[in-house]
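Here's the structure, in structure tokens; my notes come after.
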Amino acid sequence: MRALVYHGPSQASWDTAPDPVIEEPGDAIVRIDATTVCGTDLHIRRGDLPEVKPGTVLGHEAVGEVVEVGGEVHHLRPGDQVIVSAVSSCGDCGECRDARYGQCRGGGGWILGNLINGTHAELVRVPFADHSTTRRPCCLPLDDAVLLAELLPTAYEVGVRNGHVCPGDTVVVVGAGPVGLATAVVARLYSPRRVIVVDLADARLETALRIGADAAESPGRMIADLAEGPGADVVVETSGDPDGFVLCTRAVRTGGHIANIGTHGRPATLHLESLWRKNVTISMGQVDTSSTPRLLELMRSGRLPVCGLVTHTFGLERMEDAYEVFAHGTATGSLKIVLHRE
């Protein structure tokens, strides 16, 4: 098969790789119909995650068709259309029984494109397939379905749910990349009073307004007004920038919540000298994707509008082009990029 193979820091190529085979009885082999590029994939390609070994096929989000199943796969059969979760769940350990799949102790967690070959390929082996896939209804477009593999669950679980967004809240989202915009969309499910998106890129601020944000501005007067006034009930950090985290601590109100989604490759300063008396709750974590079935139903019913999050599409063989476009998102205007089997 053809796949995007990691060769070491700043080196990856669309190359020939061995076809995946059933290795464990709970495995399934899925033919990739659509996949997408995540910011974490960029971190791996740059060499930021040394645990990813050269020779690994990258990618951890996909939608496709089951072509083969192991002997202990009971809920899938060849021909089924599935959403492949970014997080694998053994289904048996205590963490998985508590729906904390990202902390799976039975061999799962975030392993696709990290510890084992991933989804930026024509075929992928999916471990624990019964627990790590969700059936895709035929009426759900591929470009919408692939957002349920990680993006929307991350926005919901790590941002909106961990941030305890409630009706009437003022919600500030720091960072208008794909995860930040998805957070703004998902937060609407809880009827906040205002959703404010903060970013440095004008084009992304315009997109934030199109997808339903009440306000979208560069950091500055708005953050100052929040800091000097009552503050935001919930602030969600999605940029992964240390300065973005500091903005969150300034904008949150007394008794408010900061939910950190952003992947921080550099240290971020936690100003406890000014925060301790504000009774602020700070949460962070890895997505579990336990919410995928619920979000799928909301999407099918029209309550989770995702139009505008996918900005570019490519054929699978243009994987390297897709990485470049995504890596320069502020210049190219890219948000989520979806690659299709042709």
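Chain labels A, B, ... are given in the sequence in which chains occur in the structure tokens; within each chain residues are numbered consecutively from 1, and ligands are likewise numbered from 1 in the order shown.
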
Range 49-93 of chain A near range 314-324 of chain A within 12 Å: what's each residue's closest atom pair and its distance in Å to one decimal, counting only C-alpha atoms, ordered by chain then ascending residue number, as a Markdown table?
| residue | atom | partner | partner_atom | distance |
| --- | --- | --- | --- | --- |
| A:Val57 | CA | A:Met319 | CA | 11.9 |
| A:Leu58 | CA | A:Met319 | CA | 10.6 |
| A:Gly59 | CA | A:Met319 | CA | 10.6 |
| A:Ala62 | CA | A:Leu316 | CA | 11.8 |

Write down as a PDB file with N, CA and C atoms, in the first residue's frame the residues of range 2-129 of chain A whose backbone DSSP state falls under strand (DSSP E or B).
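Writing the result to part_16.pdb gives the following:
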ATOM      1  N   ARG A   2       0.255   2.398  -0.198  1.00  0.00           N
ATOM      2  CA  ARG A   2       0.933   3.684  -0.101  1.00  0.00           C
ATOM      3  C   ARG A   2       0.551   4.340   1.223  1.00  0.00           C
ATOM      4  N   ALA A   3       1.521   5.032   1.823  1.00  0.00           N
ATOM      5  CA  ALA A   3       1.289   5.623   3.144  1.00  0.00           C
ATOM      6  C   ALA A   3       2.290   6.740   3.370  1.00  0.00           C
ATOM      7  N   LEU A   4       1.954   7.639   4.330  1.00  0.00           N
ATOM      8  CA  LEU A   4       2.900   8.679   4.733  1.00  0.00           C
ATOM      9  C   LEU A   4       3.768   8.111   5.847  1.00  0.00           C
ATOM     10  N   VAL A   5       5.031   7.877   5.524  1.00  0.00           N
ATOM     11  CA  VAL A   5       5.954   7.212   6.447  1.00  0.00           C
ATOM     12  C   VAL A   5       6.889   8.252   7.060  1.00  0.00           C
ATOM     13  N   TYR A   6       6.989   8.219   8.386  1.00  0.00           N
ATOM     14  CA  TYR A   6       7.884   9.117   9.126  1.00  0.00           C
ATOM     15  C   TYR A   6       9.288   8.546   9.106  1.00  0.00           C
ATOM     16  N   HIS A   7      10.278   9.381   8.715  1.00  0.00           N
ATOM     17  CA  HIS A   7      11.667   8.931   8.619  1.00  0.00           C
ATOM     18  C   HIS A   7      12.573   9.590   9.650  1.00  0.00           C
ATOM     19  N   GLY A   8      12.019  10.405  10.527  1.00  0.00           N
ATOM     20  CA  GLY A   8      12.818  11.144  11.492  1.00  0.00           C
ATOM     21  C   GLY A   8      12.446  12.608  11.436  1.00  0.00           C
ATOM     22  N   GLN A  11      11.249  14.774   8.388  1.00  0.00           N
ATOM     23  CA  GLN A  11      11.319  13.884   7.232  1.00  0.00           C
ATOM     24  C   GLN A  11      10.137  12.914   7.239  1.00  0.00           C
ATOM     25  N   ALA A  12       9.317  13.013   6.203  1.00  0.00           N
ATOM     26  CA  ALA A  12       8.214  12.081   6.005  1.00  0.00           C
ATOM     27  C   ALA A  12       7.893  12.074   4.522  1.00  0.00           C
ATOM     28  N   SER A  13       7.509  10.920   3.983  1.00  0.00           N
ATOM     29  CA  SER A  13       7.247  10.841   2.553  1.00  0.00           C
ATOM     30  C   SER A  13       6.102   9.882   2.271  1.00  0.00           C
ATOM     31  N   TRP A  14       5.383  10.183   1.188  1.00  0.00           N
ATOM     32  CA  TRP A  14       4.319   9.297   0.692  1.00  0.00           C
ATOM     33  C   TRP A  14       5.018   8.159  -0.036  1.00  0.00           C
ATOM     34  N   ASP A  15       5.001   6.988   0.568  1.00  0.00           N
ATOM     35  CA  ASP A  15       5.885   5.917   0.142  1.00  0.00           C
ATOM     36  C   ASP A  15       5.146   4.582   0.185  1.00  0.00           C
ATOM     37  N   THR A  16       5.847   3.540  -0.230  1.00  0.00           N
ATOM     38  CA  THR A  16       5.299   2.191  -0.145  1.00  0.00           C
ATOM     39  C   THR A  16       5.528   1.636   1.253  1.00  0.00           C
ATOM     40  N   ALA A  28      -9.278  -5.062  13.335  1.00  0.00           N
ATOM     41  CA  ALA A  28      -9.959  -4.956  12.049  1.00  0.00           C
ATOM     42  C   ALA A  28      -9.033  -4.223  11.093  1.00  0.00           C
ATOM     43  N   ILE A  29      -9.133  -4.553   9.822  1.00  0.00           N
ATOM     44  CA  ILE A  29      -8.435  -3.809   8.776  1.00  0.00           C
ATOM     45  C   ILE A  29      -9.469  -2.922   8.094  1.00  0.00           C
ATOM     46  N   VAL A  30      -9.154  -1.624   8.019  1.00  0.00           N
ATOM     47  CA  VAL A  30     -10.087  -0.647   7.447  1.00  0.00           C
ATOM     48  C   VAL A  30      -9.429   0.017   6.248  1.00  0.00           C
ATOM     49  N   ARG A  31     -10.170   0.060   5.143  1.00  0.00           N
ATOM     50  CA  ARG A  31      -9.726   0.811   3.972  1.00  0.00           C
ATOM     51  C   ARG A  31     -10.086   2.273   4.182  1.00  0.00           C
ATOM     52  N   ILE A  32      -9.121   3.163   4.040  1.00  0.00           N
ATOM     53  CA  ILE A  32      -9.337   4.578   4.326  1.00  0.00           C
ATOM     54  C   ILE A  32     -10.094   5.238   3.166  1.00  0.00           C
ATOM     55  N   ASP A  33     -11.239   5.811   3.493  1.00  0.00           N
ATOM     56  CA  ASP A  33     -11.992   6.611   2.524  1.00  0.00           C
ATOM     57  C   ASP A  33     -11.756   8.099   2.720  1.00  0.00           C
ATOM     58  N   ALA A  34     -11.493   8.515   3.964  1.00  0.00           N
ATOM     59  CA  ALA A  34     -11.185   9.923   4.258  1.00  0.00           C
ATOM     60  C   ALA A  34     -10.360   9.979   5.523  1.00  0.00           C
ATOM     61  N   THR A  35      -9.401  10.892   5.538  1.00  0.00           N
ATOM     62  CA  THR A  35      -8.589  11.127   6.730  1.00  0.00           C
ATOM     63  C   THR A  35      -8.270  12.613   6.784  1.00  0.00           C
ATOM     64  N   THR A  36      -7.668  13.049   7.875  1.00  0.00           N
ATOM     65  CA  THR A  36      -7.386  14.471   8.041  1.00  0.00           C
ATOM     66  C   THR A  36      -6.072  14.642   8.796  1.00  0.00           C
ATOM     67  N   VAL A  57       3.868   4.870  10.165  1.00  0.00           N
ATOM     68  CA  VAL A  57       2.891   5.566   9.324  1.00  0.00           C
ATOM     69  C   VAL A  57       2.129   6.546  10.207  1.00  0.00           C
ATOM     70  N   ALA A  62      -9.778   8.917  10.917  1.00  0.00           N
ATOM     71  CA  ALA A  62     -10.171   8.393   9.611  1.00  0.00           C
ATOM     72  C   ALA A  62     -11.616   7.923   9.604  1.00  0.00           C
ATOM     73  N   VAL A  63     -12.111   7.797   8.390  1.00  0.00           N
ATOM     74  CA  VAL A  63     -13.395   7.153   8.111  1.00  0.00           C
ATOM     75  C   VAL A  63     -13.124   6.166   6.989  1.00  0.00           C
ATOM     76  N   GLY A  64     -13.716   4.978   7.074  1.00  0.00           N
ATOM     77  CA  GLY A  64     -13.452   4.011   6.014  1.00  0.00           C
ATOM     78  C   GLY A  64     -14.357   2.801   6.077  1.00  0.00           C
ATOM     79  N   GLU A  65     -13.998   1.804   5.286  1.00  0.00           N
ATOM     80  CA  GLU A  65     -14.781   0.575   5.162  1.00  0.00           C
ATOM     81  C   GLU A  65     -14.001  -0.598   5.728  1.00  0.00           C
ATOM     82  N   VAL A  66     -14.648  -1.382   6.570  1.00  0.00           N
ATOM     83  CA  VAL A  66     -14.027  -2.577   7.132  1.00  0.00           C
ATOM     84  C   VAL A  66     -13.841  -3.598   6.010  1.00  0.00           C
ATOM     85  N   VAL A  67     -12.613  -4.108   5.895  1.00  0.00           N
ATOM     86  CA  VAL A  67     -12.354  -5.118   4.870  1.00  0.00           C
ATOM     87  C   VAL A  67     -12.035  -6.486   5.464  1.00  0.00           C
ATOM     88  N   GLU A  68     -11.642  -6.527   6.732  1.00  0.00           N
ATOM     89  CA  GLU A  68     -11.310  -7.801   7.377  1.00  0.00           C
ATOM     90  C   GLU A  68     -11.406  -7.626   8.882  1.00  0.00           C
ATOM     91  N   VAL A  69     -11.837  -8.661   9.593  1.00  0.00           N
ATOM     92  CA  VAL A  69     -11.932  -8.599  11.054  1.00  0.00           C
ATOM     93  C   VAL A  69     -11.302  -9.841  11.666  1.00  0.00           C
ATOM     94  N   GLN A  81     -19.298   0.635   7.233  1.00  0.00           N
ATOM     95  CA  GLN A  81     -18.689   1.963   7.186  1.00  0.00           C
ATOM     96  C   GLN A  81     -18.479   2.434   8.623  1.00  0.00           C
ATOM     97  N   VAL A  82     -17.243   2.850   8.956  1.00  0.00           N
ATOM     98  CA  VAL A  82     -16.936   3.190  10.345  1.00  0.00           C
ATOM     99  C   VAL A  82     -16.130   4.480  10.435  1.00  0.00           C
ATOM    100  N   ILE A  83     -16.295   5.146  11.582  1.00  0.00           N
ATOM    101  CA  ILE A  83     -15.418   6.231  12.005  1.00  0.00           C
ATOM    102  C   ILE A  83     -14.355   5.606  12.903  1.00  0.00           C
ATOM    103  N   VAL A  84     -13.096   5.768  12.534  1.00  0.00           N
ATOM    104  CA  VAL A  84     -11.996   5.230  13.324  1.00  0.00           C
ATOM    105  C   VAL A  84     -11.597   6.278  14.357  1.00  0.00           C
ATOM    106  N   SER A  88      -7.756   4.551  20.937  1.00  0.00           N
ATOM    107  CA  SER A  88      -8.147   3.145  20.977  1.00  0.00           C
ATOM    108  C   SER A  88      -8.495   2.739  22.405  1.00  0.00           C
ATOM    109  N   GLY A 109      -5.393   3.713  24.166  1.00  0.00           N
ATOM    110  CA  GLY A 109      -5.005   5.103  24.290  1.00  0.00           C
ATOM    111  C   GLY A 109      -4.669   5.665  22.918  1.00  0.00           C
ATOM    112  N   LEU A 112      -2.502   5.036  17.460  1.00  0.00           N
ATOM    113  CA  LEU A 112      -2.465   5.143  15.999  1.00  0.00           C
ATOM    114  C   LEU A 112      -1.586   6.323  15.579  1.00  0.00           C
ATOM    115  N   ILE A 116       1.901   2.768  16.872  1.00  0.00           N
ATOM    116  CA  ILE A 116       1.707   1.818  15.774  1.00  0.00           C
ATOM    117  C   ILE A 116       1.350   2.610  14.527  1.00  0.00           C
ATOM    118  N   ALA A 121      -2.799   6.508   5.195  1.00  0.00           N
ATOM    119  CA  ALA A 121      -2.451   5.358   4.374  1.00  0.00           C
ATOM    120  C   ALA A 121      -3.702   4.880   3.649  1.00  0.00           C
ATOM    121  N   LEU A 123      -4.680   1.740   3.893  1.00  0.00           N
ATOM    122  CA  LEU A 123      -5.267   0.756   4.805  1.00  0.00           C
ATOM    123  C   LEU A 123      -4.695   0.979   6.196  1.00  0.00           C
ATOM    124  N   VAL A 124      -5.478   0.636   7.230  1.00  0.00           N
ATOM    125  CA  VAL A 124      -4.987   0.749   8.596  1.00  0.00           C
ATOM    126  C   VAL A 124      -5.482  -0.431   9.423  1.00  0.00           C
ATOM    127  N   ARG A 125      -4.621  -0.924  10.307  1.00  0.00           N
ATOM    128  CA  ARG A 125      -5.052  -1.922  11.293  1.00  0.00           C
ATOM    129  C   ARG A 125      -5.576  -1.193  12.513  1.00  0.00           C
ATOM    130  N   VAL A 126      -6.804  -1.506  12.913  1.00  0.00           N
ATOM    131  CA  VAL A 126      -7.446  -0.862  14.058  1.00  0.00           C
ATOM    132  C   VAL A 126      -7.525  -1.865  15.202  1.00  0.00           C
TER     133      VAL A 126
END

What is the distance, in Å and to one decimal place, between CA of Ile223 in chain A and CA of Trp276 in chain A?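 Taking CA of Ile223 in chain A and CA of Trp276 in chain A, their separation equals 19.8 Å.
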
Which residue is closest to Ala129 in chain A? Choose from A:Met284, A:Val325, A:Cys90, A:Leu295 and count only C-alpha atoms.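 Of all the options, A:Cys90 lies closest to Ala129 in chain A.
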
Hey, what's within 10 Å of range 200-215 of chain A if we count only C-alpha atoms and toss same-chain stuff fewer than 2 positions away? As a VMD selection string, please? chain A and resid 171 to 178 180 to 182 184 to 185 187 to 188 193 to 198 217 to 219 222 305 to 309 329 to 335

What parts of range 265-302 of chain A does DSSP call helix (DSSP H, G or I)? I'd like the answer as a list in words.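 Residues of range 265-302 of chain A classed as helix (DSSP H, G or I): Leu272, Glu273, Ser274, Leu275, Trp276, Arg277, Lys278, Thr292, Pro293, Arg294, Leu295, Leu296, Glu297, Leu298, Met299 and Arg300 of chain A.
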
Top pick for closest residue to Gly244 in chain A, considering A:Thr154, A:Asn260, A:Ser10, A:Gln103 and counting only C-alpha atoms: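 The closest residue to Gly244 in chain A is A:Asn260.
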
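Comparing A:Gly220, A:Gly255, A:Pro54, A:Gly285 by their smallest distance to Ala155 in chain A, the closest is A:Gly285 (using only C-alpha atoms).
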
May I ask for the distance between CA of Tyr156 in chain A and CA of Pro293 in chain A, given in Å to one decimal place? 12.4 Å

Near-range 162-169 of chain A list (8 Å; only C-alpha atoms; drop same-chain fewer than 5 positions) as a PyMOL selection string: chain A and resi 157+187+190-194+232-236+257-259+283-284

Check which residues of range 118-153 of chain A sit at most 12 Å from range 91-100 of chain A using only C-alpha atoms, and return one row each with the closest pair of atoms and their distance in Å to one decimal, ordered by chain and rising number, as a tab-separated table.
residue	atom	partner	partner_atom	distance
A:Pro127	CA	A:Gly91	CA	11.1
A:Phe128	CA	A:Gly91	CA	7.8
A:Ala129	CA	A:Gly91	CA	10.0
A:Asp130	CA	A:Gly91	CA	8.6
A:His131	CA	A:Gly91	CA	6.0
A:Ser132	CA	A:Gly91	CA	8.7
A:Thr133	CA	A:Gly91	CA	11.8

Let's have the selection written as a short mmCIF file (atom, residue, chain, number, x, y, z; two decimals), in the first residue's frame, with C-alpha atoms.
data_model
loop_
_atom_site.label_atom_id
_atom_site.label_comp_id
_atom_site.auth_asym_id
_atom_site.auth_seq_id
_atom_site.Cartn_x
_atom_site.Cartn_y
_atom_site.Cartn_z
CA PRO A 127 -6.83 -2.60 17.41
CA PHE A 128 -9.78 -3.27 19.75
CA ALA A 129 -12.03 -2.60 16.78
CA ASP A 130 -15.32 -3.24 18.60
CA HIS A 131 -14.54 -0.44 21.08
CA SER A 132 -12.51 1.89 18.85
CA THR A 133 -14.86 2.49 15.93
#

Have a look at A:Gly107, A:Gly229, A:Pro9, A:Pro242 and name the one nearest to Asp48 in chain A; count only C-alpha atoms. A:Pro9

Counting only C-alpha atoms, which residue out of A:Thr238, A:Thr311, A:Ser85, A:Thr170 sits closest to Tyr101 in chain A?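 Checking each candidate against Tyr101 in chain A, we get A:Ser85 as the closest.
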
Find the spatial neighbours of Glu72 in chain A, counting only C-alpha atoms, within a cut-off of 9 Å - ignore same-chain residues fewer than 5 positions away - and output them as a CSV table (one decimal) with all heavy atoms, in the first residue's frame.
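Once everything was written out, this is around.csv:
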chain,number,residue,atom,x,y,z
A,24,GLU,N,-4.0,-9.3,16.2
A,24,GLU,CA,-4.7,-9.7,17.4
A,24,GLU,C,-6.1,-10.0,17.0
A,24,GLU,O,-6.7,-9.4,16.1
A,24,GLU,CB,-4.6,-8.7,18.5
A,24,GLU,CG,-3.2,-8.3,18.9
A,24,GLU,CD,-2.6,-9.4,19.7
A,24,GLU,OE1,-3.3,-10.3,20.2
A,24,GLU,OE2,-1.3,-9.3,19.8
A,25,PRO,N,-6.8,-10.9,17.7
A,25,PRO,CA,-8.2,-11.3,17.4
A,25,PRO,C,-9.2,-10.2,17.4
A,25,PRO,O,-10.3,-10.3,16.9
A,25,PRO,CB,-8.5,-12.4,18.3
A,25,PRO,CG,-7.5,-12.3,19.4
A,25,PRO,CD,-6.3,-11.8,18.9
A,26,GLY,N,-8.8,-9.1,18.1
A,26,GLY,CA,-9.7,-7.9,18.2
A,26,GLY,C,-9.5,-6.9,17.1
A,26,GLY,O,-10.2,-5.9,17.1
A,27,ASP,N,-8.6,-7.2,16.2
A,27,ASP,CA,-8.2,-6.2,15.2
A,27,ASP,C,-9.3,-6.2,14.0
A,27,ASP,O,-9.9,-7.2,13.8
A,27,ASP,CB,-6.9,-6.5,14.6
A,27,ASP,CG,-5.7,-6.3,15.5
A,27,ASP,OD1,-5.9,-5.8,16.6
A,27,ASP,OD2,-4.6,-6.8,15.1
A,130,ASP,N,-14.0,-3.4,18.1
A,130,ASP,CA,-15.3,-3.2,18.6
A,130,ASP,C,-15.5,-2.0,19.4
A,130,ASP,O,-16.6,-1.4,19.5
A,130,ASP,CB,-15.7,-4.5,19.5
A,130,ASP,CG,-16.2,-5.6,18.6
A,130,ASP,OD1,-16.6,-5.4,17.5
A,130,ASP,OD2,-16.2,-6.8,19.1
